[in-house]
$ cat work_6.cif   # mmCIF, C-alpha atoms
data_query
loop_
_atom_site.label_atom_id
_atom_site.label_comp_id
_atom_site.auth_asym_id
_atom_site.auth_seq_id
_atom_site.Cartn_x
_atom_site.Cartn_y
_atom_site.Cartn_z
CA MET O 18 78.31 93.76 96.19
CA GLN O 19 80.82 93.45 93.35
CA PRO O 20 83.79 95.74 92.66
CA LYS O 21 83.73 97.90 89.54
CA ASP O 22 87.28 99.14 88.97
CA LEU O 23 89.19 96.47 90.90
CA LYS O 24 90.79 93.72 88.84
CA ILE O 25 91.56 90.18 89.98
CA GLY O 26 95.06 89.12 88.93
CA ASN O 27 96.49 85.68 88.27
CA ASP O 28 97.56 85.66 91.92
CA GLY O 29 93.90 85.78 92.99
CA ARG O 30 94.32 89.21 94.56
CA TYR O 31 92.49 92.44 93.80
CA HIS O 32 94.59 95.11 92.09
CA TRP O 33 93.87 98.77 91.44
CA VAL O 34 95.54 102.12 90.95
CA TYR O 35 94.37 105.27 92.69
CA GLU O 36 95.31 108.78 91.58
CA MET O 37 94.85 111.19 94.46
CA PRO O 38 94.25 114.80 93.37
CA MET O 39 96.56 116.48 95.86
CA LEU O 40 94.90 119.91 95.69
CA ARG O 41 91.38 118.56 96.26
CA ASN O 42 92.19 115.81 98.75
CA ALA O 43 94.05 116.89 101.89
CA THR O 44 94.66 113.39 103.29
CA ILE O 45 98.44 113.43 102.88
CA TYR O 46 98.80 116.93 104.33
CA ILE O 47 96.53 116.09 107.28
CA THR O 48 98.68 113.04 108.05
CA THR O 49 101.84 115.15 107.80
CA ALA O 50 100.33 117.93 109.93
CA LYS O 51 99.63 115.48 112.76
CA VAL O 52 103.29 114.43 112.77
CA LEU O 53 104.43 118.06 112.70
CA LEU O 54 102.19 119.01 115.62
CA LEU O 55 103.46 116.02 117.58
CA SER O 56 107.05 117.12 116.88
CA ALA O 57 106.21 120.62 118.09
CA LEU O 58 105.56 119.18 121.55
CA ALA O 59 109.28 118.56 122.11
CA PRO O 60 110.40 122.20 122.58
CA ALA O 61 107.22 123.00 124.52
CA LEU O 62 107.83 120.13 126.94
CA LEU O 63 111.46 121.21 127.36
CA VAL O 64 110.33 124.74 128.28
CA LEU O 65 107.75 123.31 130.68
CA ILE O 66 110.28 121.05 132.43
CA LEU O 67 112.80 123.88 132.80
CA GLY O 68 110.09 126.19 134.12
CA LEU O 69 108.88 123.65 136.67
CA LYS O 70 112.47 123.05 137.78
CA ASP O 71 112.70 126.77 138.54
CA LYS O 72 109.40 126.43 140.44
CA ASP O 73 107.74 128.82 138.01
CA GLY O 74 104.39 127.02 138.28
CA LEU O 75 101.60 128.57 136.21
CA ASN O 76 104.00 130.70 134.15
CA ALA O 77 105.78 127.53 133.01
CA PHE O 78 102.55 126.13 131.55
CA VAL O 79 101.64 129.45 129.91
CA THR O 80 105.09 129.83 128.36
CA ALA O 81 105.11 126.21 127.18
CA GLY O 82 101.69 126.73 125.61
CA LYS O 83 102.92 129.80 123.74
CA VAL O 84 106.01 127.93 122.54
CA TYR O 85 103.82 125.07 121.29
CA LEU O 86 101.45 127.42 119.42
CA ILE O 87 104.28 129.35 117.79
CA THR O 88 106.37 126.29 116.93
CA GLY O 89 103.35 124.32 115.73
CA GLY O 90 102.09 127.23 113.65
CA ILE O 91 105.46 127.72 111.95
CA MET O 92 105.78 124.00 111.24
CA LEU O 93 102.26 123.83 109.75
CA VAL O 94 102.93 126.78 107.43
CA VAL O 95 106.30 125.40 106.31
CA GLY O 96 104.71 121.96 105.92
CA LEU O 97 101.95 123.42 103.76
CA LEU O 98 104.45 125.17 101.49
CA ALA O 99 106.45 121.94 101.21
CA TYR O 100 103.25 120.06 100.39
CA PHE O 101 102.43 122.42 97.51
CA LEU O 102 105.96 122.06 96.15
CA LEU O 103 105.71 118.28 96.39
CA ALA O 104 102.28 118.32 94.73
CA ALA O 105 103.65 120.39 91.87
CA TYR O 106 106.63 118.03 91.57
CA TYR O 107 104.19 115.09 91.36
CA LYS O 108 102.12 117.03 88.79
CA TRP O 109 99.30 117.41 91.32
CA HIS O 110 98.51 113.69 91.59
CA TYR O 111 99.83 111.12 94.05
CA ILE O 112 99.58 107.75 92.27
CA VAL O 113 99.43 104.55 94.31
CA GLU O 114 99.09 100.90 93.33
CA PHE O 115 97.22 98.53 95.64
CA SER O 116 97.17 94.76 95.90
CA MET O 117 94.69 93.14 98.30
CA GLY O 118 94.02 89.50 99.17
CA GLU O 119 92.78 87.33 102.02
CA ASP O 120 95.93 87.89 104.10
CA GLY O 121 96.27 91.65 103.75
CA PHE O 122 97.15 94.43 101.34
CA VAL O 123 100.15 96.23 99.87
CA HIS O 124 100.26 100.01 99.30
CA LYS O 125 102.91 100.79 96.67
CA GLN O 126 104.02 104.08 95.18
CA THR O 127 104.45 103.94 91.41
CA ASP O 128 108.04 103.50 90.21
CA LYS O 129 108.10 106.92 88.53
CA GLN O 130 106.95 108.80 91.61
CA PHE O 131 109.16 106.70 93.85
CA ALA O 132 112.16 107.82 91.79
CA LYS O 133 111.14 111.42 92.45
CA ALA O 134 110.67 110.64 96.16
CA GLN O 135 114.22 109.26 96.27
CA VAL O 136 115.56 112.59 94.99
CA ILE O 137 113.68 114.43 97.75
CA ALA O 138 114.89 111.90 100.34
CA ALA O 139 118.49 112.28 99.22
CA MET O 140 118.20 116.06 99.55
CA ASN O 141 116.69 115.63 103.03
CA ALA O 142 119.50 113.29 104.08
CA ALA O 143 122.13 115.68 102.68
CA TYR O 144 120.55 118.52 104.65
CA GLY O 145 120.64 116.35 107.77
CA ILE O 146 124.34 115.62 107.31
CA ALA O 147 125.16 119.29 106.75
CA ALA O 148 123.10 120.39 109.75
CA GLY O 149 124.12 117.48 111.96
CA ASN O 150 120.43 116.49 112.19
CA ALA O 151 120.27 112.74 112.77
CA GLY O 152 116.49 112.74 112.36
CA ALA O 153 116.65 114.17 108.86
CA ILE O 154 119.38 111.70 107.91
CA GLY O 155 117.27 108.82 109.18
CA ARG O 156 114.10 109.98 107.44
CA GLY O 157 115.97 110.40 104.17
CA ALA O 158 117.46 106.93 104.38
CA THR O 159 114.12 105.36 105.30
CA VAL O 160 112.18 106.99 102.47
CA SER O 161 114.82 106.15 99.89
CA ALA O 162 114.89 102.50 100.93
CA ARG O 163 111.24 101.60 100.44
CA ASN O 164 108.38 102.36 98.10
CA SER O 165 105.74 100.06 99.55
CA MET O 166 103.99 99.26 102.82
CA SER O 167 102.25 95.99 103.54
CA THR O 168 99.65 95.26 106.20
CA SER O 169 98.55 91.88 107.48
CA PHE O 170 94.83 91.73 108.33
CA ALA O 171 95.62 89.46 111.29
CA ASP O 172 97.54 92.31 112.97
CA VAL O 173 95.04 95.10 112.35
CA THR O 174 93.65 96.69 115.53
CA LYS O 175 91.66 99.60 114.09
CA VAL O 176 89.88 100.45 110.84
CA ARG O 177 88.51 103.93 110.19
CA ALA O 178 86.98 105.22 106.97
CA VAL O 179 86.70 108.79 105.67
CA LYS O 180 84.60 108.30 102.57
CA HIS O 181 84.55 111.89 101.31
CA ARG O 182 88.36 111.75 101.10
CA ASN O 183 88.42 108.22 99.66
CA VAL O 184 90.67 106.92 102.42
CA ILE O 185 90.53 103.97 104.82
CA TYR O 186 92.93 104.14 107.76
CA VAL O 187 94.22 100.72 108.80
CA ASP O 188 96.24 100.59 112.04
CA SER O 189 98.32 97.72 113.39
CA GLY O 190 99.42 98.97 116.79
CA LEU O 191 102.01 101.71 116.19
CA PHE O 192 102.19 100.85 112.47
CA LYS O 193 99.69 102.79 110.36
CA ASN O 194 98.76 102.36 106.71
CA GLN O 195 96.19 103.89 104.37
CA VAL O 196 94.05 102.52 101.56
CA TYR O 197 92.88 104.89 98.82
CA VAL O 198 89.98 103.78 96.66
CA GLY O 199 87.43 105.45 94.38
CA LYS O 200 83.85 106.02 95.53
CA GLU O 201 82.50 103.25 93.25
CA ASP O 202 84.46 100.57 95.13
CA PHE O 203 84.86 102.24 98.51
CA ASP O 204 82.14 100.30 100.34
CA PHE O 205 83.31 97.00 98.85
CA VAL O 206 86.93 97.51 99.94
CA LEU O 207 85.90 98.73 103.40
CA LYS O 208 83.70 95.68 103.98
CA TYR O 209 86.39 93.35 102.59
CA ILE O 210 88.93 94.73 105.05
CA LYS O 211 86.60 94.75 108.06
CA ASP O 212 85.47 91.17 107.41
CA ARG O 213 89.09 89.98 107.56
CA CYS O 214 90.30 91.90 110.60
CA PRO O 215 89.16 89.95 113.69
CA LYS O 216 91.01 92.19 116.13
CA ALA O 217 89.87 95.50 114.65
CA LYS O 218 87.45 97.90 116.27
#
$ encode --input "work_6.cif" --output "structure tokens"
Amino acid sequence: MQPKDLKIGNDGRYHWVYEMPMLRNATIYITTAKVLLLSALAPALLVLILGLKDKDGLNAFVTAGKVYLITGGIMLVVGLLAYFLLAAYYKWHYIVEFSMGEDGFVHKQTDKQFAKAQVIAAMNAAYGIAAGNAGAIGRGATVSARNSMSTSFADVTKVRAVKHRNVIYVDSGLFKNQVYVGKEDFDFVLKYIKDRCPKAK
């Protein structure tokens, strides 16, 4: 099996660029939605703990469940609106450069889109400062500081592929990365990664 659109550079590594159509591929939103739903657990757990402290029993679980559904629903809707705004800002395509060799791979946002991401991050950090939200400040600073993520194959613990969305999820413990690749080279890249991840399941 030989790659079709992957190029081998002078460094001996495979290089390619993937343009994700953000309206037809929901990978980024799905990833964001999982984080939002996880965040929605915080107020629900607080309500549950307070209810159990008052020995409210079953009512505490019911109320916490309602809080989670309402909070999670609101966050998903707001997240979806934000996603569409971001997609429009990126002109409907998320463009990523990949470099892959025997030791691992690097997932890098293009310089042009990274510059746009820095503007969004700065706005997020400014909002955090104004609202006294340390989380928003931290997220803004983190996003603005980096435009690439690298993964070492030696540390990978799980590899999962979703071919119809052109994405391979590569997890290293708590650290998670994603590889996007066109259908012509999908099987090649997936096999290449799996063959070099001895700890992966």
$ residues_around --input "work_6.cif" --residues "O:Val176" --least-positions-apart "6" --cutoff "9 Å" --atoms "all atoms listed in the file" --output "VMD selection string"
chain O and resid 185 to 188 207 210 to 211 214 217 to 218
$ residues_around --input "work_6.cif" --residues "O:Thr168" --least-positions-apart "5" --cutoff "7 Å" --atoms "only C-alpha atoms" --output "NGL selection string"
:O and (121-123)
$ closest_residue --input "work_6.cif" --among "O:Lys175, O:His124, O:Lys24, O:Arg182" --to "O:Ile45" --atoms "all atoms listed in the file"
O:Arg182
$ closest_residue --input "work_6.cif" --among "O:Phe115, O:Ala50, O:Tyr35, O:Val173" --to "O:Leu191" --atoms "only C-alpha atoms"
O:Val173
$ resolve_selection --input "work_6.cif" --expression "the PyMOL selection byres ((chain O and resi 49) around 12)" --output "count of residues only"
21
$ atom_distance --input "work_6.cif" --atom1 "atom CA of O:Leu103" --atom2 "atom CA of O:Leu58"
25.2 Å
$ atom_distance --input "work_6.cif" --atom1 "atom CA of O:Gly29" --atom2 "atom CA of O:Asp204"
20.1 Å
$ closest_residue --input "work_6.cif" --among "O:Ala57, O:Leu40, O:Ala81, O:Leu23" --to "O:Leu102" --atoms "all atoms listed in the file"
O:Leu40
$ build_atoms --input "work_6.cif" --residues "stretch 96-108 of chain O" --atoms "N, CA and C atoms" --output "mmCIF file, in the coordinates of the input"
data_model
loop_
_atom_site.group_PDB
_atom_site.id
_atom_site.type_symbol
_atom_site.label_atom_id
_atom_site.label_comp_id
_atom_site.auth_asym_id
_atom_site.auth_seq_id
_atom_site.Cartn_x
_atom_site.Cartn_y
_atom_site.Cartn_z
ATOM 1 N N GLY O 96 105.180 123.240 106.443
ATOM 2 C CA GLY O 96 104.710 121.960 105.920
ATOM 3 C C GLY O 96 103.750 122.139 104.750
ATOM 4 N N LEU O 97 102.899 123.161 104.844
ATOM 5 C CA LEU O 97 101.950 123.420 103.760
ATOM 6 C C LEU O 97 102.677 123.866 102.494
ATOM 7 N N LEU O 98 103.662 124.735 102.652
ATOM 8 C CA LEU O 98 104.450 125.170 101.490
ATOM 9 C C LEU O 98 105.176 123.982 100.860
ATOM 10 N N ALA O 99 105.750 123.127 101.708
ATOM 11 C CA ALA O 99 106.450 121.940 101.210
ATOM 12 C C ALA O 99 105.483 121.012 100.488
ATOM 13 N N TYR O 100 104.260 120.918 101.014
ATOM 14 C CA TYR O 100 103.250 120.060 100.390
ATOM 15 C C TYR O 100 102.907 120.550 98.989
ATOM 16 N N PHE O 101 102.746 121.865 98.839
ATOM 17 C CA PHE O 101 102.430 122.420 97.510
ATOM 18 C C PHE O 101 103.579 122.190 96.533
ATOM 19 N N LEU O 102 104.805 122.323 97.015
ATOM 20 C CA LEU O 102 105.960 122.060 96.150
ATOM 21 C C LEU O 102 106.003 120.595 95.736
ATOM 22 N N LEU O 103 105.730 119.708 96.695
ATOM 23 C CA LEU O 103 105.710 118.280 96.390
ATOM 24 C C LEU O 103 104.596 117.953 95.403
ATOM 25 N N ALA O 104 103.417 118.552 95.628
ATOM 26 C CA ALA O 104 102.280 118.320 94.730
ATOM 27 C C ALA O 104 102.612 118.763 93.312
ATOM 28 N N ALA O 105 103.258 119.909 93.196
ATOM 29 C CA ALA O 105 103.650 120.390 91.870
ATOM 30 C C ALA O 105 104.677 119.459 91.246
ATOM 31 N N TYR O 106 105.597 118.952 92.057
ATOM 32 C CA TYR O 106 106.630 118.030 91.570
ATOM 33 C C TYR O 106 105.999 116.725 91.082
ATOM 34 N N TYR O 107 104.922 116.301 91.761
ATOM 35 C CA TYR O 107 104.190 115.090 91.360
ATOM 36 C C TYR O 107 103.128 115.374 90.295
ATOM 37 N N LYS O 108 103.113 116.605 89.778
ATOM 38 C CA LYS O 108 102.120 117.030 88.790
ATOM 39 C C LYS O 108 100.706 116.914 89.336
#
